[in-house]
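Asker: The structure file data26.pdb (PDB, C-alpha atoms) is provided below.
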ATOM      1  CA  MET A   1    -237.660 -14.303-136.183
ATOM      2  CA  ILE A   2    -240.538 -16.530-135.074
ATOM      3  CA  ASN A   3    -241.284 -17.183-131.419
ATOM      4  CA  ILE A   4    -240.635 -20.917-131.342
ATOM      5  CA  ILE A   5    -242.683 -21.651-128.227
ATOM      6  CA  GLU A   6    -245.687 -19.625-129.415
ATOM      7  CA  GLU A   7    -245.560 -21.432-132.747
ATOM      8  CA  LEU A   8    -245.386 -24.806-130.977
ATOM      9  CA  LYS A   9    -248.395 -23.845-128.847
ATOM     10  CA  LYS A  10    -250.407 -23.050-131.980
ATOM     11  CA  MET A  11    -249.352 -26.227-133.752
ATOM     12  CA  SER A  12    -250.114 -28.370-130.696
ATOM     13  CA  GLN A  13    -253.770 -27.347-130.928
ATOM     14  CA  LYS A  14    -254.125 -29.150-134.271
ATOM     15  CA  ARG A  15    -255.102 -32.794-134.561
ATOM     16  CA  GLY A  16    -252.243 -35.196-135.255
ATOM     17  CA  PHE A  17    -249.548 -32.615-134.434
ATOM     18  CA  GLU A  18    -247.409 -35.231-132.613
ATOM     19  CA  ASN A  19    -246.567 -36.998-135.873
ATOM     20  CA  LYS A  20    -245.873 -33.916-138.021
ATOM     21  CA  ASP A  21    -242.294 -33.383-139.213
ATOM     22  CA  ASP A  22    -242.561 -29.584-139.038
ATOM     23  CA  PHE A  23    -243.594 -29.826-135.366
ATOM     24  CA  HIS A  24    -240.627 -32.118-134.656
ATOM     25  CA  GLN A  25    -238.198 -29.769-136.428
ATOM     26  CA  LEU A  26    -239.460 -26.768-134.466
ATOM     27  CA  LEU A  27    -239.261 -28.693-131.205
ATOM     28  CA  GLU A  28    -235.614 -29.566-131.957
ATOM     29  CA  ARG A  29    -234.833 -25.844-132.045
ATOM     30  CA  CYS A  30    -235.794 -25.545-128.360
ATOM     31  CA  LYS A  31    -232.335 -26.959-127.540
ATOM     32  CA  ASP A  32    -230.766 -23.791-128.953
ATOM     33  CA  ILE A  33    -232.869 -21.072-127.325
ATOM     34  CA  THR A  34    -233.000 -19.660-123.798
ATOM     35  CA  LEU A  35    -236.206 -20.940-122.231
ATOM     36  CA  SER A  36    -238.206 -18.891-119.726
ATOM     37  CA  ASN A  37    -240.058 -20.478-116.797
ATOM     38  CA  GLU A  38    -243.274 -20.239-118.830
ATOM     39  CA  ASP A  39    -241.604 -21.916-121.821
ATOM     40  CA  ALA A  40    -240.366 -24.745-119.591
ATOM     41  CA  ASP A  41    -243.847 -25.146-118.073
ATOM     42  CA  PHE A  42    -245.337 -25.503-121.565
ATOM     43  CA  LEU A  43    -242.738 -28.119-122.573
ATOM     44  CA  ILE A  44    -243.257 -30.054-119.324
ATOM     45  CA  GLU A  45    -247.012 -30.111-119.902
ATOM     46  CA  LEU A  46    -246.448 -31.238-123.493
ATOM     47  CA  TYR A  47    -244.059 -33.942-122.263
ATOM     48  CA  SER A  48    -246.551 -35.254-119.703
ATOM     49  CA  LYS A  49    -249.271 -35.636-122.363
ATOM     50  CA  ALA A  50    -247.081 -36.916-125.215
ATOM     51  CA  LYS A  51    -247.328 -40.547-126.253
ATOM     52  CA  ASN A  52    -244.781 -39.992-129.016
ATOM     53  CA  LEU A  53    -241.309 -41.079-127.804
ATOM     54  CA  TYR A  54    -239.517 -38.717-130.161
ATOM     55  CA  ILE A  55    -241.354 -35.731-128.675
ATOM     56  CA  ARG A  56    -240.640 -36.787-125.096
ATOM     57  CA  ASN A  57    -236.983 -37.438-125.889
ATOM     58  CA  THR A  58    -236.573 -34.075-127.637
ATOM     59  CA  ILE A  59    -238.196 -32.217-124.734
ATOM     60  CA  LEU A  60    -235.922 -33.984-122.236
ATOM     61  CA  LYS A  61    -232.886 -32.903-124.260
ATOM     62  CA  ALA A  62    -234.116 -29.303-124.556
ATOM     63  CA  LEU A  63    -234.778 -29.006-120.819
ATOM     64  CA  VAL A  64    -231.347 -30.475-119.977
ATOM     65  CA  PHE A  65    -229.823 -27.291-121.388
ATOM     66  CA  CYS A  66    -231.860 -24.997-119.099
ATOM     67  CA  GLU A  67    -229.356 -23.384-116.765
ATOM     68  CA  ASP A  68    -231.447 -21.141-114.532
ATOM     69  CA  ILE A  69    -234.623 -23.141-113.928
ATOM     70  CA  ASP A  70    -234.812 -25.714-111.130
ATOM     71  CA  LEU A  71    -236.208 -28.805-112.840
ATOM     72  CA  LYS A  72    -235.098 -31.350-110.246
ATOM     73  CA  ASP A  73    -238.597 -32.758-109.613
ATOM     74  CA  PHE A  74    -239.375 -32.930-113.307
ATOM     75  CA  PHE A  75    -236.235 -34.916-114.113
ATOM     76  CA  PHE A  76    -236.786 -37.263-111.169
ATOM     77  CA  LYS A  77    -240.306 -38.067-112.402
ATOM     78  CA  ALA A  78    -239.044 -38.401-115.986
ATOM     79  CA  PHE A  79    -236.470 -40.969-114.846
ATOM     80  CA  LYS A  80    -239.255 -43.024-113.258
ATOM     81  CA  LYS A  81    -241.538 -42.633-116.285
ATOM     82  CA  GLU A  82    -239.184 -43.608-119.091
ATOM     83  CA  ARG A  83    -238.235 -47.196-119.956
ATOM     84  CA  TYR A  84    -235.406 -46.685-122.442
ATOM     85  CA  LEU A  85    -232.018 -46.306-120.777
ATOM     86  CA  ASP A  86    -230.880 -43.424-122.991
ATOM     87  CA  MET A  87    -233.937 -41.372-121.977
ATOM     88  CA  ARG A  88    -233.438 -42.302-118.326
ATOM     89  CA  LEU A  89    -229.833 -41.148-118.625
ATOM     90  CA  THR A  90    -230.916 -37.804-120.105
ATOM     91  CA  ALA A  91    -233.196 -37.414-117.082
ATOM     92  CA  VAL A  92    -230.250 -38.208-114.784
ATOM     93  CA  ARG A  93    -228.174 -35.591-116.595
ATOM     94  CA  GLY A  94    -230.817 -32.959-115.860
ATOM     95  CA  TYR A  95    -231.352 -34.188-112.293
ATOM     96  CA  ALA A  96    -227.612 -34.150-111.477
ATOM     97  CA  LYS A  97    -227.497 -30.360-111.868
ATOM     98  CA  PHE A  98    -229.734 -29.941-108.812
ATOM     99  CA  ALA A  99    -229.212 -33.131-106.786
ATOM    100  CA  THR A 100    -226.530 -34.319-104.393
ATOM    101  CA  GLU A 101    -224.198 -37.164-105.305
ATOM    102  CA  LYS A 102    -226.103 -39.483-102.949
ATOM    103  CA  GLU A 103    -229.407 -38.628-104.613
ATOM    104  CA  VAL A 104    -227.883 -39.291-108.038
ATOM    105  CA  GLU A 105    -226.438 -42.603-106.813
ATOM    106  CA  LYS A 106    -229.949 -43.889-106.030
ATOM    107  CA  LEU A 107    -231.079 -43.336-109.613
ATOM    108  CA  MET A 108    -227.879 -44.740-111.058
ATOM    109  CA  SER A 109    -228.248 -47.869-108.932
ATOM    110  CA  THR A 110    -231.597 -48.528-110.649
ATOM    111  CA  PHE A 111    -230.082 -47.591-114.015
ATOM    112  CA  THR A 112    -227.187 -50.055-113.625
ATOM    113  CA  GLU A 113    -229.496 -52.865-112.500
ATOM    114  CA  ILE A 114    -231.500 -52.463-115.715
ATOM    115  CA  LEU A 115    -228.314 -52.189-117.781
ATOM    116  CA  LEU A 116    -226.999 -55.482-116.368
ATOM    117  CA  LYS A 117    -230.153 -57.278-117.552
ATOM    118  CA  ARG A 118    -229.943 -55.952-121.121
ATOM    119  CA  PRO A 119    -227.751 -58.769-122.534
ATOM    120  CA  GLU A 120    -230.424 -61.287-121.492
ATOM    121  CA  SER A 121    -233.389 -59.387-122.913
ATOM    122  CA  THR A 122    -231.596 -57.776-125.890
ATOM    123  CA  PRO A 123    -228.315 -59.569-126.725
ATOM    124  CA  TYR A 124    -227.278 -57.126-129.472
ATOM    125  CA  ASN A 125    -228.428 -53.917-127.838
ATOM    126  CA  TYR A 126    -226.178 -51.774-130.020
ATOM    127  CA  GLN A 127    -228.542 -48.825-130.571
ATOM    128  CA  GLU A 128    -229.033 -48.148-126.872
ATOM    129  CA  TYR A 129    -225.341 -48.688-126.084
ATOM    130  CA  GLU A 130    -224.275 -46.174-128.759
ATOM    131  CA  LEU A 131    -226.552 -43.558-127.207
ATOM    132  CA  LEU A 132    -225.253 -44.241-123.689
ATOM    133  CA  ARG A 133    -221.583 -44.114-124.703
ATOM    134  CA  SER A 134    -221.926 -41.003-126.893
ATOM    135  CA  ALA A 135    -220.557 -37.532-126.094
ATOM    136  CA  PHE A 136    -224.031 -36.632-124.797
ATOM    137  CA  GLY A 137    -224.252 -39.645-122.467
ATOM    138  CA  LEU A 138    -222.106 -41.309-119.822
ATOM    139  CA  PRO A 139    -218.742 -39.789-120.910
ATOM    140  CA  TYR A 140    -220.225 -36.313-120.344
ATOM    141  CA  LEU A 141    -221.419 -37.258-116.852
ATOM    142  CA  VAL A 142    -218.085 -38.879-115.961
ATOM    143  CA  ASN A 143    -216.151 -35.789-117.096
ATOM    144  CA  GLN A 144    -218.566 -33.272-115.589
ATOM    145  CA  TYR A 145    -219.050 -34.849-112.159
ATOM    146  CA  GLY A 146    -216.577 -37.701-111.757
ATOM    147  CA  TYR A 147    -219.026 -39.582-109.511
ATOM    148  CA  ALA A 148    -218.178 -43.251-108.908
ATOM    149  CA  CYS A 149    -221.727 -44.247-109.935
ATOM    150  CA  PHE A 150    -221.214 -42.686-113.387
ATOM    151  CA  ILE A 151    -217.790 -44.278-113.798
ATOM    152  CA  GLN A 152    -219.137 -47.722-112.816
ATOM    153  CA  ALA A 153    -222.117 -47.433-115.174
ATOM    154  CA  TYR A 154    -219.834 -46.365-118.029
ATOM    155  CA  GLU A 155    -217.420 -49.235-117.406
ATOM    156  CA  GLN A 156    -220.302 -51.721-117.312
ATOM    157  CA  GLU A 157    -221.827 -50.339-120.504
ATOM    158  CA  GLU A 158    -218.446 -50.558-122.266
ATOM    159  CA  LYS A 159    -218.002 -54.138-121.084
ATOM    160  CA  GLN A 160    -221.371 -55.125-122.544
ATOM    161  CA  TYR A 161    -220.757 -53.115-125.725
ATOM    162  CA  ASN A 162    -217.339 -54.681-126.299
ATOM    163  CA  ALA A 163    -218.779 -58.163-125.794
ATOM    164  CA  MET A 164    -220.912 -57.727-128.924
ATOM    165  CA  PRO A 165    -219.714 -58.756-132.402
ATOM    166  CA  ASP A 166    -218.030 -55.948-134.402
ATOM    167  CA  ALA A 167    -220.918 -55.945-136.898
ATOM    168  CA  PHE A 168    -223.015 -54.077-134.317
ATOM    169  CA  LYS A 169    -220.492 -51.390-133.423
ATOM    170  CA  GLY A 170    -219.809 -47.879-134.647
ATOM    171  CA  HIS A 171    -222.855 -47.246-136.813
ATOM    172  CA  PHE A 172    -223.891 -43.927-135.239
ATOM    173  CA  THR A 173    -223.466 -41.741-132.165
ATOM    174  CA  LEU A 174    -224.789 -38.542-130.570
ATOM    175  CA  ASN A 175    -222.860 -35.282-130.523
ATOM    176  CA  GLU A 176    -222.587 -32.968-127.492
ATOM    177  CA  ARG A 177    -226.008 -31.481-128.290
ATOM    178  CA  GLY A 178    -227.693 -34.876-128.381
ATOM    179  CA  ASP A 179    -228.105 -34.912-132.177
ATOM    180  CA  ILE A 180    -227.650 -38.188-134.059
ATOM    181  CA  VAL A 181    -224.464 -38.410-136.146
ATOM    182  CA  GLN A 182    -224.365 -41.246-138.683
ATOM    183  CA  LEU A 183    -220.921 -42.857-138.808
ATOM    184  CA  ARG A 184    -221.784 -45.298-141.590
ATOM    185  CA  SER A 185    -224.170 -45.098-144.517
ATOM    186  CA  LEU A 186    -227.436 -47.037-144.324
ATOM    187  CA  GLY A 187    -226.182 -49.371-147.051
ATOM    188  CA  GLU A 188    -222.909 -50.058-145.255
ATOM    189  CA  ARG A 189    -224.750 -50.709-141.997
ATOM    190  CA  LYS A 190    -227.248 -53.064-143.648
ATOM    191  CA  LYS A 191    -224.459 -54.982-145.403
ATOM    192  CA  MET A 192    -222.542 -55.562-142.141
ATOM    193  CA  LEU A 193    -225.650 -56.715-140.260
ATOM    194  CA  ASP A 194    -226.833 -58.933-143.141
ATOM    195  CA  GLU A 195    -223.404 -60.577-143.387
ATOM    196  CA  PHE A 196    -223.390 -61.248-139.652
ATOM    197  CA  ARG A 197    -226.882 -62.797-139.785
ATOM    198  CA  SER A 198    -226.001 -64.973-142.786
ATOM    199  CA  ILE A 199    -222.926 -66.363-140.986
ATOM    200  CA  GLY A 200    -225.053 -67.124-137.936
ATOM    201  CA  LYS A 201    -227.493 -69.295-139.903
TER
END
As structure tokens - that is how I would like this structure written.
Answerer:
Amino acid sequence: MINIIEELKKMSQKRGFENKDDFHQLLERCKDITLSNEDADFLIELYSKAKNLYIRNTILKALVFCEDIDLKDFFFKAFKKERYLDMRLTAVRGYAKFATEKEVEKLMSTFTEILLKRPESTPYNYQEYELLRSAFGLPYLVNQYGYACFIQAYEQEEKQYNAMPDAFKGHFTLNERGDIVQLRSLGERKKMLDEFRSIGK
């Protein structure tokens, strides 16, 4: 069996590694292994240098599953760094393991403020909403912690999601491991969105 982290270290020395499918596939496997402190340090360093969103997102998800390493500071900084709400929420998920409810509330206050503005900036924000409402997102946090800030954010997200036309709903989700699960075929999805756009003209 290959040492995934050692292999990633080797691959990361090569030019253009960030856009290679084999690097991405290997990185995905970090969610399913027990990471040592040294492994986590390598992933954090990789995260801090990565311009590729997919790599940063995958590292966030892998580090969320670390049980015995205190990554509170890392997740706090990641929340501040990221702009997409699903990635911010993954950072909150990691942060919540080490933070108090009051500390979590501060981040969720910022999160909810941004969420409230989404209908103005992105009226049909279905991709982000699906990620937030998935088994990996807000429902997990509500069930795991029951904090009022998580419940309020979930209710607000659902309100905004339900306000969208049906053509934008139920195309995909994330499972408990944060992997994308397609609920409709690409053709079916395209047909629904095309029909909606043609009616709107």
Asker: Closest to Tyr47 (chain A) among A:Ile5, A:Cys66, A:Ala78, A:Ala163, using all atoms listed in the file?
Answerer: A:Ala78
Asker: Can you work out which one of A:Leu8, A:Glu130, A:Arg197, A:Leu60 has the shortest atom-to-atom distance to Ser48 (chain A), counting all atoms listed in the file?
Answerer: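 Among A:Leu8, A:Glu130, A:Arg197, A:Leu60, it is A:Leu60 that comes nearest to Ser48 (chain A).
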Asker: Which residue out of A:Thr100, A:Asn52, A:Ser185, A:Ser36 has the minimum interatomic distance to Tyr145 (chain A) when only C-alpha atoms are used?
Answerer: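 Checking each of A:Thr100, A:Asn52, A:Ser185, A:Ser36 against Tyr145 (chain A), counting only C-alpha atoms, the winner is A:Thr100.
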Asker: Just to confirm, what's the straight-line distance from CA of Lys169 (chain A) to CA of Gly187 (chain A) in Å (one decimal)?
Answerer: 14.9 Å
Asker: For Leu174 (chain A), list every protein, DNA or RNA residue within 12 Å, evaluated using all atoms listed in the file, and leave out those in the same chain fewer than 5 positions away; present the list as a list of chain:residue names.
Answerer: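 The filter keeps A:Lys61, A:Asp86, A:Gln127, A:Glu128, A:Tyr129, A:Glu130, A:Leu131, A:Leu132, A:Arg133, A:Ser134, A:Ala135, A:Phe136, A:Gly137, A:Leu138, A:Pro139, A:Tyr140, A:Asp179, A:Ile180, A:Val181, A:Gln182, A:Leu183.
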Asker: Do you have the CA of Phe17 (chain A)-CA of Glu38 (chain A) distance handy?
Answerer: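 CA of Phe17 (chain A) sits 20.9 Å away from CA of Glu38 (chain A).
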Asker: Kindly add all heavy atoms to the incomplete region 169-180 of chain A and provide the output as a short mmCIF file (atom, residue, chain, number, x, y, z; two decimals), in the frame of the given file.
Answerer:
data_model
loop_
_atom_site.label_atom_id
_atom_site.label_comp_id
_atom_site.auth_asym_id
_atom_site.auth_seq_id
_atom_site.Cartn_x
_atom_site.Cartn_y
_atom_site.Cartn_z
N LYS A 169 -221.16 -52.54 -134.04
CA LYS A 169 -220.49 -51.39 -133.42
C LYS A 169 -220.21 -50.26 -134.42
O LYS A 169 -219.90 -50.51 -135.58
CB LYS A 169 -219.17 -51.84 -132.78
CG LYS A 169 -219.34 -52.84 -131.66
CD LYS A 169 -217.98 -53.35 -131.20
CE LYS A 169 -218.13 -54.49 -130.24
NZ LYS A 169 -216.86 -55.14 -129.93
N GLY A 170 -220.28 -49.04 -133.90
CA GLY A 170 -219.81 -47.88 -134.65
C GLY A 170 -220.67 -47.42 -135.80
O GLY A 170 -220.17 -46.80 -136.73
N HIS A 171 -221.97 -47.67 -135.72
CA HIS A 171 -222.86 -47.25 -136.81
C HIS A 171 -223.28 -45.78 -136.69
O HIS A 171 -223.44 -45.09 -137.68
CB HIS A 171 -224.10 -48.14 -136.88
CG HIS A 171 -223.79 -49.56 -137.23
ND1 HIS A 171 -223.25 -49.92 -138.44
CD2 HIS A 171 -223.93 -50.71 -136.53
CE1 HIS A 171 -223.07 -51.23 -138.49
NE2 HIS A 171 -223.47 -51.73 -137.33
N PHE A 172 -223.48 -45.32 -135.46
CA PHE A 172 -223.89 -43.93 -135.24
C PHE A 172 -223.54 -43.53 -133.82
O PHE A 172 -223.15 -44.35 -132.99
CB PHE A 172 -225.39 -43.76 -135.49
CG PHE A 172 -226.25 -44.44 -134.46
CD1 PHE A 172 -226.72 -43.75 -133.35
CD2 PHE A 172 -226.58 -45.79 -134.57
CE1 PHE A 172 -227.49 -44.38 -132.38
CE2 PHE A 172 -227.36 -46.42 -133.61
CZ PHE A 172 -227.82 -45.71 -132.51
N THR A 173 -223.69 -42.24 -133.52
CA THR A 173 -223.47 -41.74 -132.16
C THR A 173 -224.31 -40.48 -131.97
O THR A 173 -225.06 -40.10 -132.86
CB THR A 173 -221.96 -41.46 -131.92
OG1 THR A 173 -221.76 -41.21 -130.53
CG2 THR A 173 -221.44 -40.30 -132.75
N LEU A 174 -224.19 -39.86 -130.81
CA LEU A 174 -224.79 -38.54 -130.57
C LEU A 174 -223.66 -37.55 -130.33
O LEU A 174 -222.66 -37.87 -129.69
CB LEU A 174 -225.69 -38.56 -129.32
CG LEU A 174 -226.93 -39.44 -129.30
CD1 LEU A 174 -227.67 -39.27 -127.98
CD2 LEU A 174 -227.86 -39.12 -130.46
N ASN A 175 -223.84 -36.33 -130.82
CA ASN A 175 -222.86 -35.28 -130.52
C ASN A 175 -223.17 -34.64 -129.16
O ASN A 175 -224.09 -35.07 -128.46
CB ASN A 175 -222.80 -34.24 -131.66
CG ASN A 175 -224.13 -33.49 -131.82
OD1 ASN A 175 -224.98 -33.47 -130.94
ND2 ASN A 175 -224.29 -32.87 -132.97
N GLU A 176 -222.43 -33.60 -128.80
CA GLU A 176 -222.59 -32.97 -127.49
C GLU A 176 -223.98 -32.37 -127.29
O GLU A 176 -224.41 -32.16 -126.15
CB GLU A 176 -221.54 -31.86 -127.30
CG GLU A 176 -220.11 -32.35 -127.18
CD GLU A 176 -219.45 -32.61 -128.53
OE1 GLU A 176 -220.12 -32.45 -129.58
OE2 GLU A 176 -218.27 -33.00 -128.54
N ARG A 177 -224.67 -32.07 -128.38
CA ARG A 177 -226.01 -31.48 -128.29
C ARG A 177 -227.11 -32.54 -128.28
O ARG A 177 -228.29 -32.22 -128.24
CB ARG A 177 -226.25 -30.53 -129.47
CG ARG A 177 -225.30 -29.38 -129.55
CD ARG A 177 -225.45 -28.39 -128.42
NE ARG A 177 -226.72 -27.69 -128.48
CZ ARG A 177 -227.22 -26.97 -127.47
NH1 ARG A 177 -226.56 -26.88 -126.34
NH2 ARG A 177 -228.38 -26.35 -127.59
N GLY A 178 -226.70 -33.81 -128.38
CA GLY A 178 -227.69 -34.88 -128.38
C GLY A 178 -228.29 -35.16 -129.75
O GLY A 178 -229.31 -35.84 -129.87
N ASP A 179 -227.64 -34.66 -130.80
CA ASP A 179 -228.10 -34.91 -132.18
C ASP A 179 -227.44 -36.18 -132.71
O ASP A 179 -226.25 -36.42 -132.46
CB ASP A 179 -227.74 -33.75 -133.11
CG ASP A 179 -228.32 -32.43 -132.62
OD1 ASP A 179 -229.48 -32.42 -132.17
OD2 ASP A 179 -227.61 -31.41 -132.68
N ILE A 180 -228.20 -36.96 -133.48
CA ILE A 180 -227.65 -38.19 -134.06
C ILE A 180 -226.65 -37.85 -135.16
O ILE A 180 -226.90 -36.99 -136.01
CB ILE A 180 -228.77 -39.09 -134.61
CG1 ILE A 180 -229.52 -39.73 -133.45
CG2 ILE A 180 -228.22 -40.17 -135.54
CD1 ILE A 180 -230.55 -40.74 -133.82
#
